[in-house]
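Participant: Please read through the structure below; I'll follow up with questions.
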Amino acid sequence: MQADVVVNIAAARLGKTFTYRVPQHLVSSIEPGACVVVPFGRKEYAGYILELDPYSEMDGARDILTLLDNAPALTPDLLALTQWMAQEYLCYLTDCIHCMLPEMTASVAYVLKLGPAFDSKKLWDLTPYPQQIVRWIDSEGGRIPLERIREQFPLRKLGDILRKLKGSGWLTEVGEVELPRTGVRRVNAVRLAILPEQVPPVIEQIERSAPKQAAILKECLAFGDRFVAQVAIARRAGVNPKVVSSLIEKGLLEQGIVEIRKEALQAATTGQAAPVLSPDQRKASQRIRSCLYSGKPRFLLLHGVTGSGKTEIYLRAIEEARRQGKQSIVLVPEISLTAQTLAIFSRRFGPDVAVWHSKLSTGERHSEWQRARRGEAAVILGARSAVFAPFPKLGLIILDEEHETSYKQDSVPRYDTRQVALERARLTGSTVVFGSATPAVESFYAASTGAYDLLSLKNRIAGREMPPVRVLDLRQENQNRPASVFGACLEDAVRTCLGRGEQAILFLNRRAYSTFQLCRDCGFTARCPHCSVTLKYHLAARRLECHHCDHYEAAHAKCPKCGGERIKQFGIGTERVEEESRVRFPDARILRMDRDTTGSKRAYEDIYRAFHNGEADILIGTQMVAKGFDFPKVTLVGVISADVAINLPDFRSGERTFQLLTQVSGRAGRAELPGEVIVQTFSPEHYAVQAASRHDYLEFYNQEIAFREELRYPPFSRLVNIVVSDTLDERADARTRLLCERIRKAAREVPQWMEVLGPTHAPLAKLRGKYRWHFIMKAAHDAPVQALLEEVTDQYSADDLAGVSIDVDAVSML
């Protein structure tokens with residue numbers, strides 16, 4: 001038997017598989033997706049079995065050394081998904097595997113365990129030393145580290161003896177990687193030892209004589225047949241843990257073991273009754289249920305205005321999947337949304353919810369990955385990479401806020417999570433639900449053409465009104481007052497909101513204090529020496545920073561070019577908004593949520609909880625505050641400037657402006673209190689601003705889709721952004737022109753429509769010390785884009801392709 005193995009060498013980024021022979025003692029235990037150790041050159045590396053051929057054995061093939069018994073392995077659907085991604089996004093198999101599996105250490109320990117030929121009745125057939133070794137391994141639980149066997153049996157011919165025992169099937173040798181600490185503790189737990197209907201009579205019988213025991217039984221009854229930590233159940237009942245022991249002695253409770261996970265991986269598990277659905281919600285829920293029952297891949301777009309109850313639809317869909325014995329993946333676009341969403345889902349599904357995102361430690365990621373792999377979790381919640389959760393019975397994938405560009409990976413492999421979810425659904429027969437109040441233009445077009453089922457929630461729940469939106473023209477607003485972050489109307493609205501004891505959100509999608517430092521004598525502007533951008537001034541750190549490469553330097557008190565003192569900060573960021581808010585509203589309690597304030601592991605959750613619990617009056621933030629937050633006391637949303645996204649050199653700038661304005665507007669008036677929104681802009685007539693002010697997605701979509709069709713932008717084409725980076729601008733230019741010409745020549749020979757635009761300097765012409773040139777491919781959906789690009793790039797060596805980035809289905813042109 002031979003195996004095709006993807007050798008896991010991150011530095012080499014190998015683009016092919018290698019064939020190895022499967023030794024006889026591993027034939028019965030090895031399978032596709034398994035993690036193995038193989039010789040490669042003079043070293044040994046981990047690798048993954050891609051395919052097995054039981055009938056072939058290539059001459060000269062080296063042996064697989066061992067199977068890594070406890071290492072994360074690829075499920076069959078993830079194995080197929082790996083190959084699809086490598087072809088779709090023009091990357092190496094190892095790139096795809098790295099983003100699917102948690103990290104492992106390189107050290108491998110070898111273990112001997114009883115093999116398939118082991119039979120205690122036939123031990124006498126063995127000679128004395130082999131018999132002693134096998135008996136000892138059996139007495140030690142059937143598996144022993146190789147080092148311990150060497151210590152126990154310091155024989156000269158031990159290697160020969162073990163080789164014969166493995167060859168005859170008495171023993172099997174496997175490897176185990178050293179896994180990181182998971183942050184999980186195993187503790188004593190209890191659950192009811194009697195039927196639930198027997199509990200009330202028992203409680204009634206002992207309530208007067210043993211009220212503490214009765215309290216314990218009431219708490220256990222609420223958890224059904226689930227084991228709950230003994231200490232936790234005692235704390236919930238307000239009694240000493242010793243009381244639990246007495247109930248175990250009486251046979252009313254039985255004891256077991258549960259794993260206690262770190263606080264980052266869990267939330268409150270108190271039950272929560274499901275609300276009554278609106279007619280639109282009920283219709284959508286029924287449609288998803290029928291899709292789940294079909295057992296076939298089904299794709300749905302849930303388009304609902306902000307506050308229309310999309311989350312409840314997700315919860316009902318997961319409940320239905322659980323009833324059918326299926327598991328669910330729920331994706332959110334930002335880690336900042338994980339805490340709120342985890343709390344909601346845990347109240348409904350308790351400890352059956354696992355968490356996956358980049359802020360978890362390596363050990364925590366391993367713990368959650370293994371829970372999903374073993375089927376111990378019914379739901380996994382996380383950001384982009386949670387789409388790779390190794391569920392053995394996957395049935396449902398939900399992408400909340402599906403329009404978000406953060407679902408597109410910006411490093412190799414540059415995958416689109418939406419497309420990966422669709423492909424995984426095809427492989428597993430799962431249902432995919434895309435949800436958004438502002439769907440991506442491509443998604444809504446797919447729904448309008450029948451590729452997705454469209455489910456609509458046109459009204460907020462409980463008959464709540466959408467907040468009215470006032471658009472303020474900053475060209476007029478500040479004519480008769482000093483330049484300020486706040487126009488007169490917005491300042492008055494914040495003051496009125498605070499006076500009523502309510503909360504406000506102030507949104508500006510730009511962090512820092514100011515956007516650049518300018519000398520008004522000579523025109524000097526502080527710029528990053530490594531990137532073609534201005535340095536942003538950060539007041540808290542008292543320094544200038546680059547938001548791309550993290551270069552920083554001291555802010556200039558005098559102009560370094562002319563020595564003049566008329567050097568000043570221009571432009572505004574969230575720090576400036578915070579400073580001015582503290583001056584204008586001195587009694588207000590203010591929080592800020594942006595990348596600068598959320599660097600620590602728990603910062604997102606701490607800020608969210610503080611604001612949700614009413615510990616602050618104003619929340620200032622970037623796009624983090626525009627996505628999915630539900631604050632009952634927020635009645636005012638102020639958009640400091642709607643012009644940040646409008647002026648980006650990207651054909652999607654109008655779409656992003658509409659999405660951000662609509663989403664942040666949706667944070668106001670989500671509970672009983674009515675809300676209002678004030679948008680400040682220098683472009684009040686822009687169609688995206690106008691449509692957002694009326695909460696009218698169709699008005700925006702109809703104008704946007706006409707513009708896209710005229711210029712043949714997605715969804716009417718596929719877009720590939722090809723960037724060449726080099727330390728020398730002239731060399732980057734020459735390399736880009738050569739590659740561009742070769743691709744343009746190949747495109748002319750393809751019968752389907754293809755167009756190559758460029759080359760030219762990328763909008764970010766220099767980044768992290770490298771000059772950047774790019775060109776764009778536009779192609780019909782049936783054009784062989786990947787095959788053409790692969791054919792051209794195969795003419796280059798790996799060194800020639802250094803610095804070349806190919807982004808298939810690009811969402812950013814920067």
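Residues in the structure tokens are numbered from 1 in each chain, the chains being A, B, ... in the order shown, and ligands are numbered from 1 in the order shown.
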What's around Arg589 of chain A at 10 Å? Count only C-alpha atoms, leave out sequence neighbours fewer than 6 positions away in its own chain, and write the answer as a PyMOL selection string.
Facilitator: chain A and resi 503+581-582+611+614-619
Participant: Going by DSSP on the backbone, which residues of segment 432-571 of chain A come out as alpha helix (DSSP H)? List them as a ChimeraX atom specification.
Facilitator: /A:441-448,474-477,488-499
Participant: Take the residues that were just selected and, keeping C-alpha atoms, output them as an mmCIF file, in the first residue's frame.
Facilitator:
```cif
data_model
loop_
_atom_site.group_PDB
_atom_site.id
_atom_site.type_symbol
_atom_site.label_atom_id
_atom_site.label_comp_id
_atom_site.auth_asym_id
_atom_site.auth_seq_id
_atom_site.Cartn_x
_atom_site.Cartn_y
_atom_site.Cartn_z
ATOM 1 C CA VAL A 441 -24.747 43.080 -3.952
ATOM 2 C CA GLU A 442 -23.500 39.724 -5.255
ATOM 3 C CA SER A 443 -25.582 37.817 -2.684
ATOM 4 C CA PHE A 444 -28.789 39.711 -3.387
ATOM 5 C CA TYR A 445 -28.242 39.273 -7.118
ATOM 6 C CA ALA A 446 -27.813 35.506 -6.549
ATOM 7 C CA ALA A 447 -31.112 35.489 -4.647
ATOM 8 C CA SER A 448 -32.880 37.510 -7.348
ATOM 9 C CA LEU A 474 -21.474 69.908 6.846
ATOM 10 C CA ARG A 475 -20.905 72.542 4.162
ATOM 11 C CA GLN A 476 -23.719 74.510 5.780
ATOM 12 C CA GLU A 477 -23.830 73.113 9.309
ATOM 13 C CA ALA A 488 -24.942 72.108 16.183
ATOM 14 C CA CYS A 489 -27.771 69.608 15.588
ATOM 15 C CA LEU A 490 -25.729 66.582 16.655
ATOM 16 C CA GLU A 491 -24.428 68.326 19.776
ATOM 17 C CA ASP A 492 -27.964 69.290 20.816
ATOM 18 C CA ALA A 493 -29.219 65.762 20.146
ATOM 19 C CA VAL A 494 -26.501 64.199 22.326
ATOM 20 C CA ARG A 495 -27.253 66.656 25.128
ATOM 21 C CA THR A 496 -30.979 65.870 24.953
ATOM 22 C CA CYS A 497 -30.313 62.124 24.902
ATOM 23 C CA LEU A 498 -28.085 62.302 27.974
ATOM 24 C CA GLY A 499 -30.627 64.497 29.729
#
```
Participant: Please measure the separation of atom CA of Cys546 of chain A and atom CA of Ala339 of chain A, giving the value in Å to one decimal.
Facilitator: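 These atoms are spaced 29.3 Å apart.
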Participant: Give me, please, the distance in Å between atom CA of Ser797 of chain A and atom CA of Met777 of chain A, quoted to one decimal.
Facilitator: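 So the answer is 22.1 Å.
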Participant: So that I can see what lies close to Ala378 of chain A, please list as a list of chain:residue names the residues with an atom at most 10 Å from it, counting only C-alpha atoms and leaving out residues fewer than 2 positions away in the same chain.
Facilitator: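 Here the answer would be A:Ile318, A:Glu319, A:Ala321, A:Arg322, A:Gly325, A:Lys326, A:Gln327, A:Ser328, A:Ile329, A:Phe349, A:Pro351, A:Asp352, A:Val353, A:Ala354, A:Arg371, A:Ala372, A:Gly375, A:Glu376, A:Ile380, A:Phe391, A:Lys393, A:Leu394.
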Participant: May I have the residues within 12 Å of Gln409 of chain A as a short mmCIF file (atom, residue, chain, number, x, y, z; two decimals) with N, CA, C and O atoms, in the first residue's frame, using only C-alpha atoms and disregarding those fewer than 3 positions away in the same chain?
Facilitator:
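In the end it all went to selection_7.cif:
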```cif
data_model
loop_
_atom_site.label_atom_id
_atom_site.label_comp_id
_atom_site.auth_asym_id
_atom_site.auth_seq_id
_atom_site.Cartn_x
_atom_site.Cartn_y
_atom_site.Cartn_z
N TYR A 89 -8.24 29.07 -5.19
CA TYR A 89 -7.52 30.28 -4.77
C TYR A 89 -6.03 30.24 -5.10
O TYR A 89 -5.26 31.05 -4.59
N CYS A 96 -3.70 25.66 2.89
CA CYS A 96 -5.09 25.37 3.27
C CYS A 96 -5.15 24.57 4.57
O CYS A 96 -5.98 24.84 5.43
N CYS A 99 -4.70 26.62 7.79
CA CYS A 99 -5.81 27.44 8.29
C CYS A 99 -6.97 26.59 8.79
O CYS A 99 -7.91 27.11 9.37
N PRO A 333 -18.71 38.30 11.85
CA PRO A 333 -17.61 38.94 11.14
C PRO A 333 -16.51 39.51 12.03
O PRO A 333 -15.40 39.72 11.56
N ALA A 383 -15.33 33.48 14.37
CA ALA A 383 -15.08 34.34 13.21
C ALA A 383 -14.73 33.45 12.02
O ALA A 383 -14.98 32.25 12.02
N ARG A 384 -14.16 34.04 10.99
CA ARG A 384 -13.96 33.43 9.68
C ARG A 384 -13.50 31.96 9.71
O ARG A 384 -14.09 31.10 9.07
N SER A 385 -12.46 31.64 10.48
CA SER A 385 -11.86 30.30 10.40
C SER A 385 -12.74 29.22 11.02
O SER A 385 -12.46 28.03 10.84
N GLU A 404 -20.07 41.48 5.22
CA GLU A 404 -18.84 42.06 5.73
C GLU A 404 -17.61 41.59 4.95
O GLU A 404 -17.44 40.40 4.67
N THR A 405 -16.73 42.53 4.64
CA THR A 405 -15.52 42.21 3.89
C THR A 405 -14.53 41.41 4.73
O THR A 405 -13.62 40.79 4.19
N SER A 406 -14.70 41.39 6.05
CA SER A 406 -13.80 40.60 6.91
C SER A 406 -13.96 39.10 6.67
O SER A 406 -13.14 38.31 7.13
N VAL A 412 -2.55 34.57 2.37
CA VAL A 412 -2.66 33.25 1.75
C VAL A 412 -3.13 32.22 2.79
O VAL A 412 -2.58 32.19 3.89
N PRO A 413 -4.12 31.41 2.46
CA PRO A 413 -4.93 31.38 1.25
C PRO A 413 -6.02 32.45 1.30
O PRO A 413 -6.73 32.58 2.31
N ARG A 414 -6.18 33.20 0.23
CA ARG A 414 -7.11 34.34 0.21
C ARG A 414 -8.53 33.86 -0.11
O ARG A 414 -9.08 34.14 -1.16
N TYR A 415 -9.10 33.12 0.82
CA TYR A 415 -10.41 32.52 0.56
C TYR A 415 -11.55 33.46 0.97
O TYR A 415 -11.40 34.31 1.84
N ASP A 416 -12.67 33.28 0.29
CA ASP A 416 -13.91 33.97 0.64
C ASP A 416 -14.73 33.00 1.47
O ASP A 416 -15.13 31.93 0.98
N THR A 417 -14.99 33.33 2.72
CA THR A 417 -15.69 32.42 3.62
C THR A 417 -17.06 32.03 3.08
O THR A 417 -17.51 30.89 3.29
N ARG A 418 -17.72 32.95 2.40
CA ARG A 418 -19.03 32.62 1.84
C ARG A 418 -18.93 31.50 0.82
O ARG A 418 -19.71 30.55 0.83
N GLN A 419 -17.94 31.58 -0.07
CA GLN A 419 -17.77 30.54 -1.08
C GLN A 419 -17.31 29.23 -0.46
O GLN A 419 -17.72 28.14 -0.89
N VAL A 420 -16.46 29.31 0.55
CA VAL A 420 -16.01 28.10 1.25
C VAL A 420 -17.20 27.43 1.93
O VAL A 420 -17.35 26.20 1.90
N ASP A 807 -5.14 37.49 -5.96
CA ASP A 807 -6.35 37.49 -5.14
C ASP A 807 -7.56 37.22 -6.03
O ASP A 807 -8.05 38.11 -6.72
N VAL A 808 -8.03 35.97 -6.02
CA VAL A 808 -9.19 35.58 -6.83
C VAL A 808 -10.47 36.03 -6.12
O VAL A 808 -10.62 35.86 -4.91
N ASP A 809 -11.40 36.60 -6.88
CA ASP A 809 -12.63 37.16 -6.33
C ASP A 809 -12.31 38.21 -5.27
O ASP A 809 -12.83 38.18 -4.15
N ALA A 810 -11.44 39.13 -5.65
CA ALA A 810 -10.98 40.17 -4.73
C ALA A 810 -12.13 41.08 -4.30
O ALA A 810 -13.03 41.38 -5.09
N VAL A 811 -12.10 41.49 -3.04
CA VAL A 811 -13.09 42.46 -2.55
C VAL A 811 -12.46 43.82 -2.31
O VAL A 811 -13.15 44.79 -2.04
N SER A 812 -11.14 43.90 -2.37
CA SER A 812 -10.45 45.17 -2.19
C SER A 812 -9.46 45.37 -3.31
O SER A 812 -8.75 44.44 -3.72
#
```
Participant: Where does DSSP see strand (DSSP E or B) in segment 96-329 of chain A, if you list the residues as a PDB file with N, CA and C atoms, in the first residue's frame?
Facilitator:
```pdb
ATOM      1  N   VAL A 108       7.682  14.891  18.756  1.00  0.00           N
ATOM      2  CA  VAL A 108       6.859  13.683  18.635  1.00  0.00           C
ATOM      3  C   VAL A 108       7.388  12.642  19.598  1.00  0.00           C
ATOM      4  N   ALA A 109       6.486  12.040  20.387  1.00  0.00           N
ATOM      5  CA  ALA A 109       6.848  10.921  21.265  1.00  0.00           C
ATOM      6  C   ALA A 109       6.271   9.648  20.664  1.00  0.00           C
ATOM      7  N   TYR A 110       7.088   8.573  20.644  1.00  0.00           N
ATOM      8  CA  TYR A 110       6.636   7.313  20.063  1.00  0.00           C
ATOM      9  C   TYR A 110       6.058   6.414  21.145  1.00  0.00           C
ATOM     10  N   VAL A 111       4.951   5.761  20.801  1.00  0.00           N
ATOM     11  CA  VAL A 111       4.200   4.938  21.746  1.00  0.00           C
ATOM     12  C   VAL A 111       3.964   3.571  21.126  1.00  0.00           C
ATOM     13  N   LEU A 112       4.130   2.509  21.912  1.00  0.00           N
ATOM     14  CA  LEU A 112       3.776   1.160  21.469  1.00  0.00           C
ATOM     15  C   LEU A 112       2.470   0.758  22.136  1.00  0.00           C
ATOM     16  N   LYS A 113       1.548   0.251  21.351  1.00  0.00           N
ATOM     17  CA  LYS A 113       0.288  -0.233  21.913  1.00  0.00           C
ATOM     18  C   LYS A 113      -0.024  -1.601  21.329  1.00  0.00           C
ATOM     19  N   LEU A 114      -0.910  -2.322  22.000  1.00  0.00           N
ATOM     20  CA  LEU A 114      -1.264  -3.657  21.560  1.00  0.00           C
ATOM     21  C   LEU A 114      -1.858  -3.606  20.159  1.00  0.00           C
ATOM     22  N   ARG A 143      -0.842   0.509  26.268  1.00  0.00           N
ATOM     23  CA  ARG A 143      -0.005   1.449  25.516  1.00  0.00           C
ATOM     24  C   ARG A 143       1.076   2.004  26.423  1.00  0.00           C
ATOM     25  N   ILE A 144       2.318   2.036  25.911  1.00  0.00           N
ATOM     26  CA  ILE A 144       3.470   2.452  26.713  1.00  0.00           C
ATOM     27  C   ILE A 144       4.401   3.286  25.832  1.00  0.00           C
ATOM     28  N   PRO A 145       4.902   4.435  26.345  1.00  0.00           N
ATOM     29  CA  PRO A 145       5.920   5.182  25.596  1.00  0.00           C
ATOM     30  C   PRO A 145       7.147   4.315  25.343  1.00  0.00           C
ATOM     31  N   LEU A 171       2.132  -5.814  18.210  1.00  0.00           N
ATOM     32  CA  LEU A 171       2.245  -4.429  18.663  1.00  0.00           C
ATOM     33  C   LEU A 171       2.108  -3.481  17.471  1.00  0.00           C
ATOM     34  N   THR A 172       1.684  -2.265  17.768  1.00  0.00           N
ATOM     35  CA  THR A 172       1.629  -1.196  16.778  1.00  0.00           C
ATOM     36  C   THR A 172       2.337   0.021  17.349  1.00  0.00           C
ATOM     37  N   GLU A 173       3.171   0.657  16.539  1.00  0.00           N
ATOM     38  CA  GLU A 173       3.858   1.868  16.992  1.00  0.00           C
ATOM     39  C   GLU A 173       3.182   3.099  16.391  1.00  0.00           C
ATOM     40  N   VAL A 174       2.851   4.034  17.241  1.00  0.00           N
ATOM     41  CA  VAL A 174       2.260   5.293  16.784  1.00  0.00           C
ATOM     42  C   VAL A 174       3.028   6.437  17.433  1.00  0.00           C
ATOM     43  N   GLY A 175       2.838   7.638  16.895  1.00  0.00           N
ATOM     44  CA  GLY A 175       3.446   8.823  17.483  1.00  0.00           C
ATOM     45  C   GLY A 175       2.400   9.694  18.132  1.00  0.00           C
ATOM     46  N   GLU A 176       2.806  10.454  19.094  1.00  0.00           N
ATOM     47  CA  GLU A 176       1.917  11.424  19.725  1.00  0.00           C
ATOM     48  C   GLU A 176       2.632  12.760  19.785  1.00  0.00           C
ATOM     49  N   VAL A 177       1.945  13.816  19.335  1.00  0.00           N
ATOM     50  CA  VAL A 177       2.540  15.139  19.453  1.00  0.00           C
ATOM     51  C   VAL A 177       2.271  15.669  20.849  1.00  0.00           C
ATOM     52  N   ARG A 185     -10.179  21.877  33.047  1.00  0.00           N
ATOM     53  CA  ARG A 185     -10.027  21.070  34.260  1.00  0.00           C
ATOM     54  C   ARG A 185     -11.135  20.030  34.322  1.00  0.00           C
ATOM     55  N   ARG A 186     -10.814  18.853  34.838  1.00  0.00           N
ATOM     56  CA  ARG A 186     -11.810  17.809  35.046  1.00  0.00           C
ATOM     57  C   ARG A 186     -12.197  17.803  36.516  1.00  0.00           C
ATOM     58  N   VAL A 187     -13.473  17.943  36.797  1.00  0.00           N
ATOM     59  CA  VAL A 187     -13.938  18.052  38.184  1.00  0.00           C
ATOM     60  C   VAL A 187     -15.113  17.109  38.411  1.00  0.00           C
ATOM     61  N   ASN A 188     -15.386  16.835  39.698  1.00  0.00           N
ATOM     62  CA  ASN A 188     -16.518  15.987  40.064  1.00  0.00           C
ATOM     63  C   ASN A 188     -17.825  16.670  39.690  1.00  0.00           C
ATOM     64  N   ALA A 189     -18.766  15.861  39.209  1.00  0.00           N
ATOM     65  CA  ALA A 189     -20.057  16.392  38.774  1.00  0.00           C
ATOM     66  C   ALA A 189     -21.166  15.446  39.205  1.00  0.00           C
ATOM     67  N   VAL A 190     -22.392  15.946  39.177  1.00  0.00           N
ATOM     68  CA  VAL A 190     -23.548  15.129  39.569  1.00  0.00           C
ATOM     69  C   VAL A 190     -24.695  15.341  38.588  1.00  0.00           C
ATOM     70  N   ARG A 191     -25.596  14.375  38.568  1.00  0.00           N
ATOM     71  CA  ARG A 191     -26.858  14.507  37.855  1.00  0.00           C
ATOM     72  C   ARG A 191     -27.878  13.621  38.555  1.00  0.00           C
ATOM     73  N   LEU A 192     -29.135  13.763  38.186  1.00  0.00           N
ATOM     74  CA  LEU A 192     -30.197  12.988  38.821  1.00  0.00           C
ATOM     75  C   LEU A 192     -29.982  11.497  38.596  1.00  0.00           C
ATOM     76  N   VAL A 228     -23.470  18.220  35.955  1.00  0.00           N
ATOM     77  CA  VAL A 228     -23.108  19.597  36.293  1.00  0.00           C
ATOM     78  C   VAL A 228     -22.082  19.544  37.417  1.00  0.00           C
ATOM     79  N   ALA A 229     -21.078  20.424  37.341  1.00  0.00           N
ATOM     80  CA  ALA A 229     -20.024  20.432  38.361  1.00  0.00           C
ATOM     81  C   ALA A 229     -20.632  20.503  39.759  1.00  0.00           C
ATOM     82  N   LEU A 253     -28.694  11.219  43.600  1.00  0.00           N
ATOM     83  CA  LEU A 253     -27.806  11.783  42.585  1.00  0.00           C
ATOM     84  C   LEU A 253     -26.727  10.767  42.262  1.00  0.00           C
ATOM     85  N   GLU A 254     -26.245  10.786  41.016  1.00  0.00           N
ATOM     86  CA  GLU A 254     -25.100   9.964  40.650  1.00  0.00           C
ATOM     87  C   GLU A 254     -23.929  10.855  40.291  1.00  0.00           C
ATOM     88  N   GLN A 255     -22.736  10.330  40.522  1.00  0.00           N
ATOM     89  CA  GLN A 255     -21.537  11.142  40.345  1.00  0.00           C
ATOM     90  C   GLN A 255     -20.861  10.826  39.009  1.00  0.00           C
ATOM     91  N   GLY A 256     -20.216  11.852  38.438  1.00  0.00           N
ATOM     92  CA  GLY A 256     -19.468  11.690  37.199  1.00  0.00           C
ATOM     93  C   GLY A 256     -18.369  12.730  37.140  1.00  0.00           C
ATOM     94  N   ILE A 257     -17.840  12.944  35.947  1.00  0.00           N
ATOM     95  CA  ILE A 257     -16.761  13.910  35.732  1.00  0.00           C
ATOM     96  C   ILE A 257     -17.164  14.829  34.579  1.00  0.00           C
ATOM     97  N   VAL A 258     -16.928  16.133  34.722  1.00  0.00           N
ATOM     98  CA  VAL A 258     -17.131  17.061  33.613  1.00  0.00           C
ATOM     99  C   VAL A 258     -15.871  17.902  33.447  1.00  0.00           C
ATOM    100  N   GLU A 259     -15.727  18.451  32.243  1.00  0.00           N
ATOM    101  CA  GLU A 259     -14.617  19.357  31.964  1.00  0.00           C
ATOM    102  C   GLU A 259     -15.076  20.789  32.192  1.00  0.00           C
ATOM    103  N   ILE A 260     -14.314  21.508  32.974  1.00  0.00           N
ATOM    104  CA  ILE A 260     -14.597  22.929  33.215  1.00  0.00           C
ATOM    105  C   ILE A 260     -13.694  23.729  32.297  1.00  0.00           C
ATOM    106  N   ARG A 298     -28.565  23.321   0.477  1.00  0.00           N
ATOM    107  CA  ARG A 298     -29.554  24.369   0.221  1.00  0.00           C
ATOM    108  C   ARG A 298     -28.956  25.697   0.657  1.00  0.00           C
ATOM    109  N   PHE A 299     -29.179  26.753  -0.135  1.00  0.00           N
ATOM    110  CA  PHE A 299     -28.596  28.062   0.136  1.00  0.00           C
ATOM    111  C   PHE A 299     -29.717  29.087   0.268  1.00  0.00           C
ATOM    112  N   LEU A 300     -29.710  29.835   1.383  1.00  0.00           N
ATOM    113  CA  LEU A 300     -30.755  30.820   1.628  1.00  0.00           C
ATOM    114  C   LEU A 300     -30.141  32.155   2.021  1.00  0.00           C
ATOM    115  N   LEU A 301     -30.765  33.250   1.590  1.00  0.00           N
ATOM    116  CA  LEU A 301     -30.387  34.599   2.007  1.00  0.00           C
ATOM    117  C   LEU A 301     -31.506  35.157   2.869  1.00  0.00           C
ATOM    118  N   LEU A 302     -31.196  35.407   4.136  1.00  0.00           N
ATOM    119  CA  LEU A 302     -32.163  35.992   5.066  1.00  0.00           C
ATOM    120  C   LEU A 302     -31.924  37.499   5.099  1.00  0.00           C
ATOM    121  N   HIS A 303     -32.793  38.237   4.402  1.00  0.00           N
ATOM    122  CA  HIS A 303     -32.670  39.696   4.341  1.00  0.00           C
ATOM    123  C   HIS A 303     -33.686  40.290   5.299  1.00  0.00           C
ATOM    124  N   GLY A 304     -33.198  40.838   6.391  1.00  0.00           N
ATOM    125  CA  GLY A 304     -34.098  41.429   7.382  1.00  0.00           C
ATOM    126  C   GLY A 304     -33.565  42.752   7.861  1.00  0.00           C
ATOM    127  N   GLN A 327     -25.057  19.080  13.435  1.00  0.00           N
ATOM    128  CA  GLN A 327     -24.300  20.132  14.115  1.00  0.00           C
ATOM    129  C   GLN A 327     -24.277  21.398  13.270  1.00  0.00           C
ATOM    130  N   SER A 328     -24.021  22.520  13.936  1.00  0.00           N
ATOM    131  CA  SER A 328     -24.151  23.826  13.277  1.00  0.00           C
ATOM    132  C   SER A 328     -22.917  24.685  13.491  1.00  0.00           C
ATOM    133  N   ILE A 329     -22.557  25.440  12.459  1.00  0.00           N
ATOM    134  CA  ILE A 329     -21.499  26.445  12.530  1.00  0.00           C
ATOM    135  C   ILE A 329     -22.154  27.817  12.413  1.00  0.00           C
TER     136      ILE A 329
END
```
Participant: Hey, what's within 10 Å of segment 745-758 of chain A if we count only C-alpha atoms and toss same-chain stuff fewer than 3 positions away? As a VMD selection string, please?
Facilitator: chain A and resid 717 to 721 736 to 737 739 to 742 761 to 762 773 to 785 788 to 789 791 to 792
Participant: State, in Å with one decimal place, the distance from atom CA of Glu704 of chain A to atom CA of Pro684 of chain A.
Facilitator: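 Computed distance, atom CA of Glu704 of chain A to atom CA of Pro684 of chain A, equals 17.2 Å.
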